[in-house]
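So the structure is just underneath, and the comments pick up after that.
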Amino acid sequence: MDTRLLHTFTTLARTGGFTTAAAELHLAQSTVTVHIRTLERELGTRLFDRLPTGTLLTESGRRLLEGAEEVLDAVARLRAGGGAGDGVVRGRVRVGTPESLCATRLPGVIAALRTHHPEVDVDLHAAGTAECVAGLRAGRLDLALLLESEADFPEVTAEPVACEPLALVCAPRHPFAARTHKATWAQLAAESFFLLEQGCSYSDELERRLLAVPGSGPRLTRFGSVDAARSCAAAGLGLTLLPLTTVEEYLGQGRLTKVRGPRFADVPVRLARHRRRWTAPATEAFARELVRQLGA
(Lines give C-alpha, C1' and ligand atoms only; values in the text may rest on other atoms or scores of the structure.)
Protein backbone atom coordinates (compact mmCIF):
# COMPACT_ATOMS: atom_id res chain seq x y z
CA MET A 1 0.00 0.00 0.00
CA ASP A 2 1.30 3.45 -0.95
CA THR A 3 2.07 5.35 2.26
CA ARG A 4 1.19 8.59 0.46
CA LEU A 5 -2.42 7.42 0.49
CA LEU A 6 -2.23 6.81 4.24
CA HIS A 7 -0.69 10.24 4.79
CA THR A 8 -3.51 11.86 2.83
CA PHE A 9 -6.05 9.76 4.74
CA THR A 10 -4.74 10.73 8.20
CA THR A 11 -4.52 14.39 7.21
CA LEU A 12 -8.12 14.41 5.99
CA ALA A 13 -9.23 12.61 9.15
CA ARG A 14 -7.50 15.27 11.24
CA THR A 15 -8.62 18.36 9.32
CA GLY A 16 -12.13 17.20 8.46
CA GLY A 17 -12.21 18.78 5.01
CA PHE A 18 -10.78 18.20 1.54
CA THR A 19 -9.86 21.87 1.03
CA THR A 20 -8.01 22.15 4.33
CA ALA A 21 -6.25 18.81 3.83
CA ALA A 22 -5.18 19.79 0.31
CA ALA A 23 -3.73 23.09 1.56
CA GLU A 24 -1.81 21.38 4.34
CA LEU A 25 -0.47 18.69 2.00
CA HIS A 26 0.31 21.21 -0.77
CA LEU A 27 -1.79 19.16 -3.19
CA ALA A 28 -4.67 19.96 -5.49
CA GLN A 29 -8.02 19.14 -3.94
CA SER A 30 -8.69 16.76 -6.83
CA THR A 31 -5.52 14.85 -5.92
CA VAL A 32 -6.71 14.41 -2.34
CA THR A 33 -10.02 13.10 -3.69
CA VAL A 34 -8.21 10.61 -5.96
CA HIS A 35 -6.02 9.41 -3.05
CA ILE A 36 -9.03 8.75 -0.84
CA ARG A 37 -11.01 7.03 -3.58
CA THR A 38 -8.00 4.85 -4.44
CA LEU A 39 -7.58 3.86 -0.78
CA GLU A 40 -11.29 3.10 -0.43
CA ARG A 41 -11.18 0.99 -3.58
CA GLU A 42 -8.11 -0.95 -2.38
CA LEU A 43 -9.72 -1.66 0.99
CA GLY A 44 -13.18 -2.25 -0.39
CA THR A 45 -14.89 0.02 2.12
CA ARG A 46 -16.05 3.60 2.55
CA LEU A 47 -13.74 5.56 4.88
CA PHE A 48 -15.51 8.93 5.04
CA ASP A 49 -19.04 10.24 4.94
CA ARG A 50 -19.09 13.37 2.80
CA LEU A 51 -21.25 16.01 4.50
CA PRO A 52 -22.04 19.64 3.59
CA THR A 53 -19.96 20.74 6.60
CA GLY A 54 -16.99 18.48 5.84
CA THR A 55 -16.01 14.85 6.21
CA LEU A 56 -16.75 12.39 8.99
CA LEU A 57 -14.91 9.11 9.55
CA THR A 58 -17.01 5.99 9.13
CA GLU A 59 -16.57 3.03 11.48
CA SER A 60 -14.17 1.51 8.93
CA GLY A 61 -12.28 4.80 8.78
CA ARG A 62 -11.92 4.93 12.56
CA ARG A 63 -10.52 1.40 12.61
CA LEU A 64 -8.06 2.25 9.85
CA LEU A 65 -6.88 5.48 11.48
CA GLU A 66 -5.06 3.84 14.38
CA GLY A 67 -3.27 1.38 12.13
CA ALA A 68 -2.42 4.07 9.58
CA GLU A 69 -0.81 6.22 12.27
CA GLU A 70 1.28 3.26 13.43
CA VAL A 71 2.45 2.59 9.88
CA LEU A 72 3.38 6.23 9.29
CA ASP A 73 5.19 6.36 12.64
CA ALA A 74 7.19 3.28 11.64
CA VAL A 75 8.08 4.89 8.30
CA ALA A 76 9.17 8.07 10.11
CA ARG A 77 11.40 6.00 12.42
CA LEU A 78 13.02 4.28 9.45
CA ARG A 79 13.66 7.59 7.75
CA ALA A 80 15.13 9.08 10.91
CA GLY A 81 17.41 6.06 11.34
CA GLY A 82 18.49 6.09 7.72
CA GLY A 83 19.16 9.79 7.34
CA ALA A 84 22.32 11.57 6.36
CA GLY A 85 24.18 10.24 9.38
CA ASP A 86 25.74 13.61 10.18
CA GLY A 87 24.33 13.61 13.71
CA VAL A 88 22.39 16.83 13.14
CA VAL A 89 18.86 16.89 14.55
CA ARG A 90 16.43 18.42 12.08
CA GLY A 91 12.69 18.90 11.88
CA ARG A 92 9.68 20.91 12.93
CA VAL A 93 7.96 20.55 16.31
CA ARG A 94 4.33 21.60 16.83
CA VAL A 95 3.66 22.60 20.43
CA GLY A 96 0.40 23.59 22.08
CA THR A 97 0.71 25.82 25.13
CA PRO A 98 -1.27 28.20 27.33
CA GLU A 99 -0.84 31.82 26.30
CA SER A 100 0.90 32.68 29.58
CA LEU A 101 3.70 30.16 28.96
CA CYS A 102 3.92 31.08 25.30
CA ALA A 103 4.69 34.67 26.23
CA THR A 104 6.95 34.11 29.25
CA ARG A 105 8.64 30.73 29.47
CA LEU A 106 8.97 29.44 25.93
CA PRO A 107 10.99 32.22 24.24
CA GLY A 108 13.97 31.26 26.42
CA VAL A 109 13.46 27.57 25.63
CA ILE A 110 13.41 28.24 21.89
CA ALA A 111 16.48 30.48 22.11
CA ALA A 112 18.42 27.73 23.90
CA LEU A 113 17.15 25.12 21.43
CA ARG A 114 18.41 27.17 18.48
CA THR A 115 21.84 27.33 20.08
CA HIS A 116 22.07 23.56 20.51
CA HIS A 117 19.94 22.44 17.55
CA PRO A 118 19.77 25.23 14.94
CA GLU A 119 18.04 22.95 12.40
CA VAL A 120 14.98 22.44 14.63
CA ASP A 121 12.01 24.77 14.11
CA VAL A 122 9.15 25.21 16.58
CA ASP A 123 5.54 26.14 15.83
CA LEU A 124 3.76 27.43 18.94
CA HIS A 125 -0.03 27.26 19.15
CA ALA A 126 -1.62 29.15 22.07
CA ALA A 127 -4.45 26.95 23.33
CA GLY A 128 -6.20 25.74 26.46
CA THR A 129 -6.06 22.24 27.89
CA ALA A 130 -9.01 20.80 25.94
CA GLU A 131 -7.70 22.07 22.61
CA CYS A 132 -4.17 20.84 23.37
CA VAL A 133 -5.36 17.35 24.29
CA ALA A 134 -7.54 17.20 21.17
CA GLY A 135 -4.55 18.34 19.08
CA LEU A 136 -2.35 15.57 20.48
CA ARG A 137 -4.99 12.93 19.83
CA ALA A 138 -5.60 14.13 16.29
CA GLY A 139 -1.92 14.47 15.43
CA ARG A 140 -2.06 18.25 14.99
CA LEU A 141 0.42 18.67 17.85
CA ASP A 142 3.60 16.79 18.75
CA LEU A 143 3.77 18.07 22.33
CA ALA A 144 1.66 20.23 24.62
CA LEU A 145 2.10 22.08 27.87
CA LEU A 146 -0.77 21.92 30.34
CA LEU A 147 -1.31 24.07 33.42
CA GLU A 148 -3.24 21.49 35.41
CA SER A 149 -3.11 20.24 38.99
CA GLU A 150 -4.44 16.89 37.71
CA ALA A 151 -4.13 15.44 34.21
CA ASP A 152 -5.76 12.12 33.38
CA PHE A 153 -6.60 11.97 29.68
CA PRO A 154 -7.10 8.87 27.51
CA GLU A 155 -4.25 8.30 25.04
CA VAL A 156 -2.21 11.19 26.50
CA THR A 157 0.60 11.15 29.06
CA ALA A 158 1.40 14.31 31.03
CA GLU A 159 4.47 14.53 33.26
CA PRO A 160 5.09 17.51 35.60
CA VAL A 161 8.21 19.46 34.63
CA ALA A 162 7.84 22.72 36.59
CA CYS A 163 5.43 24.81 38.68
CA GLU A 164 3.91 28.23 38.08
CA PRO A 165 3.28 30.44 41.13
CA LEU A 166 0.04 32.41 40.98
CA ALA A 167 -0.58 36.01 42.04
CA LEU A 168 -3.86 37.69 43.00
CA VAL A 169 -3.43 41.31 41.91
CA CYS A 170 -5.23 44.63 41.56
CA ALA A 171 -4.39 48.23 40.70
CA PRO A 172 -2.58 50.28 43.38
CA ARG A 173 -5.61 52.57 43.69
CA HIS A 174 -8.03 49.69 44.26
CA PRO A 175 -9.39 49.55 47.85
CA PHE A 176 -7.89 46.09 48.37
CA ALA A 177 -4.38 47.38 47.62
CA ALA A 178 -4.21 49.24 50.94
CA ARG A 179 -5.53 46.43 53.12
CA THR A 180 -3.25 45.43 56.00
CA HIS A 181 -5.22 42.27 56.81
CA LYS A 182 -5.83 39.34 54.55
CA ALA A 183 -9.03 39.51 52.58
CA THR A 184 -11.49 36.73 53.39
CA TRP A 185 -13.38 34.70 50.81
CA ALA A 186 -16.56 36.51 51.83
CA GLN A 187 -14.93 39.88 51.10
CA LEU A 188 -13.47 38.68 47.80
CA ALA A 189 -16.85 37.27 46.74
CA ALA A 190 -18.27 40.80 46.63
CA GLU A 191 -15.67 42.03 44.13
CA SER A 192 -15.25 42.10 40.35
CA PHE A 193 -12.84 39.61 38.79
CA PHE A 194 -11.29 39.28 35.36
CA LEU A 195 -10.40 35.65 34.76
CA LEU A 196 -9.20 33.53 31.88
CA GLU A 197 -11.71 31.59 29.81
CA GLN A 198 -13.45 28.39 30.86
CA GLY A 199 -11.03 25.47 30.95
CA CYS A 200 -8.25 27.40 32.70
CA SER A 201 -7.84 25.26 35.82
CA TYR A 202 -6.86 27.98 38.30
CA SER A 203 -9.49 30.43 37.00
CA ASP A 204 -12.16 27.73 37.21
CA GLU A 205 -11.10 26.86 40.76
CA LEU A 206 -11.20 30.52 41.84
CA GLU A 207 -14.69 30.87 40.38
CA ARG A 208 -15.84 27.77 42.27
CA ARG A 209 -14.46 29.13 45.55
CA LEU A 210 -16.09 32.52 45.06
CA LEU A 211 -19.48 31.09 44.13
CA ALA A 212 -19.35 28.70 47.10
CA VAL A 213 -19.57 31.65 49.53
CA PRO A 214 -23.18 31.87 50.85
CA GLY A 215 -24.98 34.81 49.31
CA SER A 216 -22.01 35.61 47.08
CA GLY A 217 -22.41 37.94 44.15
CA PRO A 218 -19.01 38.37 42.45
CA ARG A 219 -18.97 39.94 39.00
CA LEU A 220 -16.97 37.53 36.87
CA THR A 221 -15.70 38.36 33.39
CA ARG A 222 -13.85 35.65 31.44
CA PHE A 223 -11.29 36.42 28.74
CA GLY A 224 -9.31 34.33 26.28
CA SER A 225 -6.33 36.63 26.74
CA VAL A 226 -3.92 37.16 29.63
CA ASP A 227 -3.31 40.70 28.42
CA ALA A 228 -7.03 41.56 28.56
CA ALA A 229 -7.44 40.31 32.14
CA ARG A 230 -4.22 42.00 33.26
CA SER A 231 -5.10 45.31 31.60
CA CYS A 232 -8.56 45.42 33.18
CA ALA A 233 -7.06 44.86 36.61
CA ALA A 234 -4.38 47.51 35.97
CA ALA A 235 -7.16 49.95 34.99
CA GLY A 236 -8.65 49.57 38.47
CA LEU A 237 -11.74 47.68 37.32
CA GLY A 238 -11.26 44.65 39.57
CA LEU A 239 -8.95 41.80 40.54
CA THR A 240 -7.35 39.00 38.54
CA LEU A 241 -5.50 35.78 39.30
CA LEU A 242 -2.64 35.07 36.90
CA PRO A 243 0.74 33.31 36.81
CA LEU A 244 3.30 35.48 38.55
CA THR A 245 5.50 35.54 35.44
CA THR A 246 2.76 37.36 33.50
CA VAL A 247 2.40 40.20 36.03
CA GLU A 248 5.98 40.62 37.28
CA GLU A 249 6.67 43.52 34.92
CA TYR A 250 3.45 45.31 35.95
CA LEU A 251 4.31 44.76 39.62
CA GLY A 252 7.77 46.20 39.08
CA GLN A 253 6.33 49.24 37.28
CA GLY A 254 3.80 49.86 40.04
CA ARG A 255 0.86 49.27 37.70
CA LEU A 256 -0.34 46.29 39.76
CA THR A 257 0.05 45.21 43.36
CA LYS A 258 -0.45 41.89 45.11
CA VAL A 259 -3.60 41.44 47.15
CA ARG A 260 -3.29 40.06 50.67
CA GLY A 261 -5.68 37.14 50.74
CA PRO A 262 -5.98 33.35 50.58
CA ARG A 263 -2.96 31.42 49.40
CA PHE A 264 -3.18 29.84 45.98
CA ALA A 265 -1.18 26.69 45.32
CA ASP A 266 1.36 26.70 42.52
CA VAL A 267 0.05 25.17 39.30
CA PRO A 268 2.07 22.28 37.81
CA VAL A 269 3.35 22.68 34.26
CA ARG A 270 2.90 19.31 32.56
CA LEU A 271 4.56 18.14 29.36
CA ALA A 272 2.00 16.10 27.44
CA ARG A 273 2.35 13.81 24.44
CA HIS A 274 0.39 11.04 22.73
CA ARG A 275 0.82 7.77 24.57
CA ARG A 276 1.40 5.57 21.50
CA ARG A 277 2.77 7.88 18.83
CA TRP A 278 6.48 7.80 18.04
CA THR A 279 8.46 10.86 19.14
CA ALA A 280 10.76 12.26 16.47
CA PRO A 281 14.35 13.32 17.35
CA ALA A 282 13.48 17.00 16.89
CA THR A 283 10.55 16.64 19.30
CA GLU A 284 12.75 14.87 21.84
CA ALA A 285 15.34 17.65 21.53
CA PHE A 286 12.69 20.26 22.28
CA ALA A 287 11.37 18.24 25.23
CA ARG A 288 14.85 17.91 26.75
CA GLU A 289 15.54 21.62 26.35
CA LEU A 290 12.16 22.47 27.85
CA VAL A 291 12.80 20.35 30.94
CA ARG A 292 16.29 21.82 31.30
CA GLN A 293 15.18 25.45 31.00
CA LEU A 294 12.02 25.23 33.10
CA GLY A 295 13.80 23.18 35.73
CA ALA A 296 16.47 25.86 35.98
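In the C-alpha coordinates, chains take the letters A, B, ... in the order shown, each chain's residues start at 1, and ligands count up from 1 in the order shown.
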Let's see if you can do this: from backbone DSSP, list all alpha helix (DSSP H) residues in segment 41-249 of chain A, as a PyMOL selection string.
chain A and resi 41-43+59-81+99-104+106-116+129-138+185-188+201-211+226-234+244-249
Item to check | Spatial neighbours of Phe176 of chain A, 8 Å, only C-alpha atoms, chain gap at least 4 places, as a PyMOL selection string | outcome: chain A and resi 170+183+259-260
Calculated over only C-alpha atoms, which of the candidates A:Ala13, A:Val89, A:Leu25, A:Cys102 has the smallest distance to Leu56 of chain A?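 Of A:Ala13, A:Val89, A:Leu25, A:Cys102, the one nearest Leu56 of chain A, counting only C-alpha atoms, is A:Ala13.
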- Query: Any idea what's packed within 12 Å of Val71 of chain A, counting only C-alpha atoms, ignoring anything in its chain fewer than 2 positions away? Could you give it as a ChimeraX atom specification?
  - Reply: /A:1-7,10,64-69,73-78,277-278
Output N, CA, C and O atoms of each residue in that selection to a file, as an mmCIF file, in the first residue's frame.
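Final output, saved to again.cif:
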data_model
loop_
_atom_site.group_PDB
_atom_site.id
_atom_site.type_symbol
_atom_site.label_atom_id
_atom_site.label_comp_id
_atom_site.auth_asym_id
_atom_site.auth_seq_id
_atom_site.Cartn_x
_atom_site.Cartn_y
_atom_site.Cartn_z
ATOM 1 N N MET A 1 0.841 -1.197 0.000
ATOM 2 C CA MET A 1 0.000 0.000 0.000
ATOM 3 C C MET A 1 0.880 1.253 0.000
ATOM 4 O O MET A 1 1.867 1.327 0.732
ATOM 5 N N ASP A 2 0.538 2.208 -0.834
ATOM 6 C CA ASP A 2 1.297 3.446 -0.948
ATOM 7 C C ASP A 2 1.098 4.281 0.316
ATOM 8 O O ASP A 2 -0.034 4.646 0.668
ATOM 9 N N THR A 3 2.195 4.573 1.022
ATOM 10 C CA THR A 3 2.067 5.350 2.263
ATOM 11 C C THR A 3 1.583 6.775 2.006
ATOM 12 O O THR A 3 1.088 7.425 2.920
ATOM 13 N N ARG A 4 1.727 7.266 0.766
ATOM 14 C CA ARG A 4 1.187 8.593 0.456
ATOM 15 C C ARG A 4 -0.325 8.613 0.648
ATOM 16 O O ARG A 4 -0.885 9.622 1.095
ATOM 17 N N LEU A 5 -0.971 7.502 0.313
ATOM 18 C CA LEU A 5 -2.418 7.423 0.494
ATOM 19 C C LEU A 5 -2.782 7.477 1.983
ATOM 20 O O LEU A 5 -3.748 8.130 2.372
ATOM 21 N N LEU A 6 -1.983 6.793 2.793
ATOM 22 C CA LEU A 6 -2.231 6.814 4.236
ATOM 23 C C LEU A 6 -1.993 8.203 4.816
ATOM 24 O O LEU A 6 -2.719 8.649 5.718
ATOM 25 N N HIS A 7 -0.970 8.882 4.308
ATOM 26 C CA HIS A 7 -0.693 10.242 4.786
ATOM 27 C C HIS A 7 -1.850 11.177 4.444
ATOM 28 O O HIS A 7 -2.284 11.987 5.273
ATOM 29 N N THR A 10 -4.845 10.237 6.826
ATOM 30 C CA THR A 10 -4.743 10.726 8.198
ATOM 31 C C THR A 10 -4.882 12.250 8.255
ATOM 32 O O THR A 10 -5.440 12.789 9.208
ATOM 33 N N LEU A 64 -9.274 2.088 10.652
ATOM 34 C CA LEU A 64 -8.058 2.247 9.847
ATOM 35 C C LEU A 64 -7.124 3.302 10.431
ATOM 36 O O LEU A 64 -5.903 3.165 10.331
ATOM 37 N N LEU A 65 -7.678 4.328 11.044
ATOM 38 C CA LEU A 65 -6.875 5.476 11.476
ATOM 39 C C LEU A 65 -5.759 5.060 12.427
ATOM 40 O O LEU A 65 -4.617 5.490 12.268
ATOM 41 N N GLU A 66 -6.089 4.242 13.423
ATOM 42 C CA GLU A 66 -5.063 3.838 14.384
ATOM 43 C C GLU A 66 -3.941 3.074 13.701
ATOM 44 O O GLU A 66 -2.760 3.326 13.937
ATOM 45 N N GLY A 67 -4.297 2.133 12.830
ATOM 46 C CA GLY A 67 -3.273 1.377 12.131
ATOM 47 C C GLY A 67 -2.465 2.229 11.174
ATOM 48 O O GLY A 67 -1.244 2.051 11.042
ATOM 49 N N ALA A 68 -3.124 3.186 10.509
ATOM 50 C CA ALA A 68 -2.420 4.071 9.577
ATOM 51 C C ALA A 68 -1.395 4.913 10.309
ATOM 52 O O ALA A 68 -0.266 5.114 9.828
ATOM 53 N N GLU A 69 -1.755 5.411 11.494
ATOM 54 C CA GLU A 69 -0.807 6.219 12.266
ATOM 55 C C GLU A 69 0.395 5.394 12.694
ATOM 56 O O GLU A 69 1.531 5.877 12.692
ATOM 57 N N ASP A 73 4.161 6.197 11.606
ATOM 58 C CA ASP A 73 5.186 6.358 12.639
ATOM 59 C C ASP A 73 6.379 5.454 12.358
ATOM 60 O O ASP A 73 7.538 5.862 12.523
ATOM 61 N N ALA A 74 6.104 4.222 11.949
ATOM 62 C CA ALA A 74 7.188 3.284 11.639
ATOM 63 C C ALA A 74 8.023 3.793 10.465
ATOM 64 O O ALA A 74 9.255 3.702 10.478
ATOM 65 N N VAL A 75 7.368 4.329 9.443
ATOM 66 C CA VAL A 75 8.083 4.892 8.298
ATOM 67 C C VAL A 75 8.959 6.068 8.751
ATOM 68 O O VAL A 75 10.114 6.202 8.317
ATOM 69 N N ALA A 76 8.400 6.917 9.617
ATOM 70 C CA ALA A 76 9.173 8.068 10.106
ATOM 71 C C ALA A 76 10.396 7.607 10.883
ATOM 72 O O ALA A 76 11.479 8.193 10.771
ATOM 73 N N ARG A 77 10.248 6.531 11.680
ATOM 74 C CA ARG A 77 11.401 5.999 12.424
ATOM 75 C C ARG A 77 12.473 5.487 11.477
ATOM 76 O O ARG A 77 13.665 5.704 11.683
ATOM 77 N N LEU A 78 12.053 4.795 10.430
ATOM 78 C CA LEU A 78 13.018 4.278 9.453
ATOM 79 C C LEU A 78 13.758 5.412 8.760
ATOM 80 O O LEU A 78 14.974 5.340 8.549
ATOM 81 N N ARG A 277 2.117 7.367 20.035
ATOM 82 C CA ARG A 277 2.768 7.883 18.833
ATOM 83 C C ARG A 277 4.282 8.013 19.033
ATOM 84 O O ARG A 277 4.753 8.438 20.096
ATOM 85 N N TRP A 278 5.020 7.671 17.999
ATOM 86 C CA TRP A 278 6.476 7.801 18.044
ATOM 87 C C TRP A 278 6.883 9.255 18.166
ATOM 88 O O TRP A 278 6.284 10.150 17.572
#
Exercise for review: Pull the strand (DSSP E or B) assignments for segment 177-294 of chain A out of DSSP run on the backbone, and list those residues as a count of residues only.
Suggested key: 25
**Study point:** Close residues, Val267 of chain A itself excluded, 7 Å, only C-alpha atoms, min 5 positions apart in chain, as a list of chain:residue names
**Key:** A:Leu147, A:Glu148, A:Ser149, A:Cys163, A:Glu164, A:Pro165
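Take atom CA of Ala144 of chain A and atom CA of Pro107 of chain A: the distance between them is 15.2 Å.
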Surrounding residues of Arg46 of chain A excluding itself and chain neighbours under 2 positions, 9 Å, only C-alpha atoms, as a ChimeraX atom specification: /A:37,40-41,43-44,48-49,57-61
Counting only C-alpha atoms, the residue among A:Pro98, A:Pro243, A:Gly224, A:Gly238 that lies closest to Ala126 of chain A is A:Pro98
| request: Return the single residue from A:Leu113, A:Val226, A:Val32, A:Val213 that is closest to Glu99 of chain A, with distances computed using only C-alpha atoms. | output: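 The shortest atom-to-atom distance to Glu99 of chain A comes from A:Val226.
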Check the smallest atom-to-atom distance from each of A:Gly254, A:Gly17, A:Gly139, A:Gly91 to Glu119 of chain A using only C-alpha atoms, then report the winner.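 Of A:Gly254, A:Gly17, A:Gly139, A:Gly91, the one nearest Glu119 of chain A is A:Gly91, counting only C-alpha atoms.
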Between A:His125, A:Arg94, A:Thr38, A:Thr15, smallest distance to Thr279 of chain A by only C-alpha atoms belongs to A:Arg94
